[in-house]
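Q: Before we start, here is the structure in question, set down as C-alpha cells.
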Amino acid sequence: MNGADLTEHPALRWGLLATGGIARKFTGDALSAGLQVVAVGSRSQQSAQQFAAEFGIAQAHGSYQELVENDAVDIVYVATPHPMHYEPTMLAIAAGKHVLVEKPFMLNRTQAEQVREAARAKNLLVTEAMWTRYLPHMVRIRQLIASGAIGEVRALFADHAQSFGSDPTHRINALELGGGALLDLGVYPVSFAWDVLGAPNQCAGLRATRRYRCRHGGRGGDDPRIRGDLHLPELLSGGRVQYRTYSGL
C-alpha cells in the first residue's frame, strides 16, 4: 500500500471454506495474529458447527454457497483438497468475495486463467497462499539480488523433498486428489524461482519414477520425481533455473 497506514483501512472479515487440517492450522495462526474469523463453511452442518465451537467462530454454514453469500464475510480462505479449489473459488468470486486459495492455486492453466479473468471482471483479489514469499529472509534475498551484492544471477538450483509414506490413500499419493510431486511440493521451488527472478518465458518438465530402498529399515518403493527447467533469459542473461522435487524418500 505504498507506506499507507494500514489502520486506516477496515479489517477484513474472514470466512473459512472447509474444515480439514490445513484449515485448522490457518485458523489458529489467523486468530493468534488478531484477524477476524467470522464464519466457517463445510459440506456438512455438523462439521461446520464442531469447527466453529473449537475456534470460537460465530457463524457455521452447512454449505459453501451459504458461506460465500454471508454478508459478514469479506474474504474467503479456500482450504479444500487440490481438485476442489476451482469451483469454491468461482463461487466466492461470483458472490463478490476476495479469495485466498491454498496451494496449489489450481490444477491446470485453464482453471487458473478462468479464475483470474473472473476476479479481474469483479475487481477482486484472488491469490495463492504461498506463505514462503513473506518470510523475512525472502525479503533479504530480494534486496541482495536487486542491489547486485551477489553479482549477476546466472542459474538457480532448488531441491525440495519430503517423505509422506506409501499409503495410497494419502493425498500426496492419490492422483484423484491432485497428488504427486509437482503440485504439492514442486510449487515451492517454482514459486521461489519466480519470486526472486521473475516470470519465465519457457518451461519444461520431466517425470521419472525411481525404485529406492529405505535406509531406515522400511520396505522401499517408488520415488515419484519431477525435474523441471525454467528459462529466464532476460533476467538471467540466458541462464536457467532448475528444480527437482520428490514426494518420497
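Simple scheme: letters A, B, ... for chains in C-alpha cells order, numbers from 1 for residues in each chain, numbers from 1 for ligands in the order shown.
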When DSSP works through the backbone of this structure, what residues of stretch 90-201 of chain A end up as strand (DSSP E), shown as a PDB file with all heavy atoms, in the first residue's frame?
A:
ATOM      1  N   HIS A  98     -13.271 -11.507  -1.940  1.00  0.00           N
ATOM      2  CA  HIS A  98     -11.859 -11.754  -2.185  1.00  0.00           C
ATOM      3  C   HIS A  98     -11.559 -13.195  -1.776  1.00  0.00           C
ATOM      4  O   HIS A  98     -12.262 -13.776  -0.941  1.00  0.00           O
ATOM      5  CB  HIS A  98     -10.993 -10.795  -1.378  1.00  0.00           C
ATOM      6  CG  HIS A  98     -11.291  -9.356  -1.635  1.00  0.00           C
ATOM      7  ND1 HIS A  98     -11.043  -8.749  -2.849  1.00  0.00           N
ATOM      8  CD2 HIS A  98     -11.825  -8.392  -0.831  1.00  0.00           C
ATOM      9  CE1 HIS A  98     -11.397  -7.472  -2.795  1.00  0.00           C
ATOM     10  NE2 HIS A  98     -11.877  -7.238  -1.580  1.00  0.00           N
ATOM     11  N   VAL A  99     -10.491 -13.776  -2.341  1.00  0.00           N
ATOM     12  CA  VAL A  99     -10.210 -15.186  -2.072  1.00  0.00           C
ATOM     13  C   VAL A  99      -8.715 -15.419  -1.869  1.00  0.00           C
ATOM     14  O   VAL A  99      -7.891 -14.951  -2.659  1.00  0.00           O
ATOM     15  CB  VAL A  99     -10.695 -16.099  -3.224  1.00  0.00           C
ATOM     16  CG1 VAL A  99     -10.598 -17.578  -2.802  1.00  0.00           C
ATOM     17  CG2 VAL A  99     -12.125 -15.774  -3.630  1.00  0.00           C
ATOM     18  N   LEU A 100      -8.397 -16.158  -0.824  1.00  0.00           N
ATOM     19  CA  LEU A 100      -7.063 -16.708  -0.613  1.00  0.00           C
ATOM     20  C   LEU A 100      -7.175 -18.212  -0.813  1.00  0.00           C
ATOM     21  O   LEU A 100      -7.891 -18.886  -0.074  1.00  0.00           O
ATOM     22  CB  LEU A 100      -6.555 -16.393   0.792  1.00  0.00           C
ATOM     23  CG  LEU A 100      -5.184 -16.968   1.160  1.00  0.00           C
ATOM     24  CD1 LEU A 100      -4.081 -16.334   0.313  1.00  0.00           C
ATOM     25  CD2 LEU A 100      -4.896 -16.768   2.644  1.00  0.00           C
ATOM     26  N   VAL A 101      -6.485 -18.737  -1.824  1.00  0.00           N
ATOM     27  CA  VAL A 101      -6.610 -20.149  -2.182  1.00  0.00           C
ATOM     28  C   VAL A 101      -5.382 -20.910  -1.701  1.00  0.00           C
ATOM     29  O   VAL A 101      -4.251 -20.503  -1.976  1.00  0.00           O
ATOM     30  CB  VAL A 101      -6.744 -20.327  -3.711  1.00  0.00           C
ATOM     31  CG1 VAL A 101      -7.036 -21.791  -4.046  1.00  0.00           C
ATOM     32  CG2 VAL A 101      -7.821 -19.421  -4.270  1.00  0.00           C
ATOM     33  N   VAL A 126      -7.669 -12.303  -5.794  1.00  0.00           N
ATOM     34  CA  VAL A 126      -7.593 -13.754  -5.623  1.00  0.00           C
ATOM     35  C   VAL A 126      -6.122 -14.121  -5.695  1.00  0.00           C
ATOM     36  O   VAL A 126      -5.443 -13.816  -6.673  1.00  0.00           O
ATOM     37  CB  VAL A 126      -8.383 -14.506  -6.712  1.00  0.00           C
ATOM     38  CG1 VAL A 126      -8.237 -16.017  -6.514  1.00  0.00           C
ATOM     39  CG2 VAL A 126      -9.857 -14.126  -6.666  1.00  0.00           C
ATOM     40  N   THR A 127      -5.618 -14.762  -4.651  1.00  0.00           N
ATOM     41  CA  THR A 127      -4.197 -15.071  -4.621  1.00  0.00           C
ATOM     42  C   THR A 127      -3.961 -16.422  -3.956  1.00  0.00           C
ATOM     43  O   THR A 127      -4.841 -16.951  -3.270  1.00  0.00           O
ATOM     44  CB  THR A 127      -3.421 -13.957  -3.882  1.00  0.00           C
ATOM     45  OG1 THR A 127      -2.016 -14.141  -4.066  1.00  0.00           O
ATOM     46  CG2 THR A 127      -3.749 -13.955  -2.387  1.00  0.00           C
ATOM     47  N   GLU A 128      -2.773 -16.950  -4.170  1.00  0.00           N
ATOM     48  CA  GLU A 128      -2.395 -18.251  -3.634  1.00  0.00           C
ATOM     49  C   GLU A 128      -1.753 -18.092  -2.260  1.00  0.00           C
ATOM     50  O   GLU A 128      -1.002 -17.142  -2.024  1.00  0.00           O
ATOM     51  CB  GLU A 128      -1.407 -18.918  -4.597  1.00  0.00           C
ATOM     52  CG  GLU A 128      -0.987 -20.321  -4.212  1.00  0.00           C
ATOM     53  CD  GLU A 128       0.025 -20.879  -5.201  1.00  0.00           C
ATOM     54  OE1 GLU A 128       0.967 -20.140  -5.569  1.00  0.00           O
ATOM     55  OE2 GLU A 128      -0.120 -22.047  -5.606  1.00  0.00           O
ATOM     56  N   ALA A 155      22.163 -18.798 -12.618  1.00  0.00           N
ATOM     57  CA  ALA A 155      21.454 -20.078 -12.501  1.00  0.00           C
ATOM     58  C   ALA A 155      20.991 -20.265 -11.067  1.00  0.00           C
ATOM     59  O   ALA A 155      21.568 -19.705 -10.128  1.00  0.00           O
ATOM     60  CB  ALA A 155      22.357 -21.233 -12.916  1.00  0.00           C
ATOM     61  N   LEU A 156      19.943 -21.029 -10.926  1.00  0.00           N
ATOM     62  CA  LEU A 156      19.407 -21.357  -9.606  1.00  0.00           C
ATOM     63  C   LEU A 156      19.040 -22.831  -9.608  1.00  0.00           C
ATOM     64  O   LEU A 156      18.391 -23.309 -10.539  1.00  0.00           O
ATOM     65  CB  LEU A 156      18.180 -20.499  -9.306  1.00  0.00           C
ATOM     66  CG  LEU A 156      17.508 -20.648  -7.936  1.00  0.00           C
ATOM     67  CD1 LEU A 156      16.787 -19.364  -7.564  1.00  0.00           C
ATOM     68  CD2 LEU A 156      16.518 -21.811  -7.904  1.00  0.00           C
ATOM     69  N   PHE A 157      19.445 -23.559  -8.565  1.00  0.00           N
ATOM     70  CA  PHE A 157      19.122 -24.970  -8.433  1.00  0.00           C
ATOM     71  C   PHE A 157      18.424 -25.167  -7.088  1.00  0.00           C
ATOM     72  O   PHE A 157      18.958 -24.763  -6.049  1.00  0.00           O
ATOM     73  CB  PHE A 157      20.386 -25.833  -8.508  1.00  0.00           C
ATOM     74  CG  PHE A 157      21.132 -25.670  -9.796  1.00  0.00           C
ATOM     75  CD1 PHE A 157      22.107 -24.693  -9.922  1.00  0.00           C
ATOM     76  CD2 PHE A 157      20.847 -26.470 -10.887  1.00  0.00           C
ATOM     77  CE1 PHE A 157      22.795 -24.524 -11.114  1.00  0.00           C
ATOM     78  CE2 PHE A 157      21.526 -26.309 -12.084  1.00  0.00           C
ATOM     79  CZ  PHE A 157      22.504 -25.343 -12.199  1.00  0.00           C
ATOM     80  N   ALA A 158      17.255 -25.756  -7.113  1.00  0.00           N
ATOM     81  CA  ALA A 158      16.469 -25.897  -5.887  1.00  0.00           C
ATOM     82  C   ALA A 158      15.907 -27.305  -5.780  1.00  0.00           C
ATOM     83  O   ALA A 158      15.331 -27.823  -6.741  1.00  0.00           O
ATOM     84  CB  ALA A 158      15.318 -24.882  -5.878  1.00  0.00           C
ATOM     85  N   ASP A 159      16.088 -27.932  -4.623  1.00  0.00           N
ATOM     86  CA  ASP A 159      15.519 -29.243  -4.329  1.00  0.00           C
ATOM     87  C   ASP A 159      14.524 -29.109  -3.182  1.00  0.00           C
ATOM     88  O   ASP A 159      14.733 -28.325  -2.257  1.00  0.00           O
ATOM     89  CB  ASP A 159      16.593 -30.241  -3.899  1.00  0.00           C
ATOM     90  CG  ASP A 159      17.448 -30.714  -5.054  1.00  0.00           C
ATOM     91  OD1 ASP A 159      17.194 -30.273  -6.195  1.00  0.00           O
ATOM     92  OD2 ASP A 159      18.366 -31.519  -4.809  1.00  0.00           O
ATOM     93  N   HIS A 160      13.468 -29.866  -3.247  1.00  0.00           N
ATOM     94  CA  HIS A 160      12.517 -29.914  -2.140  1.00  0.00           C
ATOM     95  C   HIS A 160      12.064 -31.359  -1.997  1.00  0.00           C
ATOM     96  O   HIS A 160      11.494 -31.925  -2.924  1.00  0.00           O
ATOM     97  CB  HIS A 160      11.302 -29.021  -2.411  1.00  0.00           C
ATOM     98  CG  HIS A 160      10.330 -28.984  -1.254  1.00  0.00           C
ATOM     99  ND1 HIS A 160       9.172 -28.265  -1.275  1.00  0.00           N
ATOM    100  CD2 HIS A 160      10.355 -29.592  -0.036  1.00  0.00           C
ATOM    101  CE1 HIS A 160       8.525 -28.421  -0.138  1.00  0.00           C
ATOM    102  NE2 HIS A 160       9.219 -29.221   0.630  1.00  0.00           N
ATOM    103  N   ALA A 161      12.332 -31.951  -0.856  1.00  0.00           N
ATOM    104  CA  ALA A 161      11.967 -33.345  -0.630  1.00  0.00           C
ATOM    105  C   ALA A 161      11.259 -33.496   0.702  1.00  0.00           C
ATOM    106  O   ALA A 161      11.605 -32.861   1.683  1.00  0.00           O
ATOM    107  CB  ALA A 161      13.222 -34.218  -0.646  1.00  0.00           C
TER     108      ALA A 161
END
Q: Give me the residues near A:Thr80 as a VMD selection string, where near means some atom within 7 Å (using only C-alpha atoms) and where sequence neighbours in that chain fewer than 3 positions away do not count.
A: chain A and resid 18 84 to 85
Q: Per DSSP on the backbone, what are the helix (DSSP H, G or I) residues of stretch 2-68 of chain A, as a PyMOL selection string?
A: chain A and resi 6-8+21-32+45-55+64-68
Q: Select, from A:Ala23, A:Met130, A:Cys203, A:Ile93, the residue with the minimum atom-to-atom distance to A:Gln114, counting only C-alpha atoms.
A: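 Once distances to A:Gln114 are computed over only C-alpha atoms, the minimum belongs to A:Ile93.
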Q: What is the atom CA of A:Ala60 to atom CA of A:Val76 distance in Å?
A: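 Separation of atom CA of A:Ala60 and atom CA of A:Val76: 13.6 Å.
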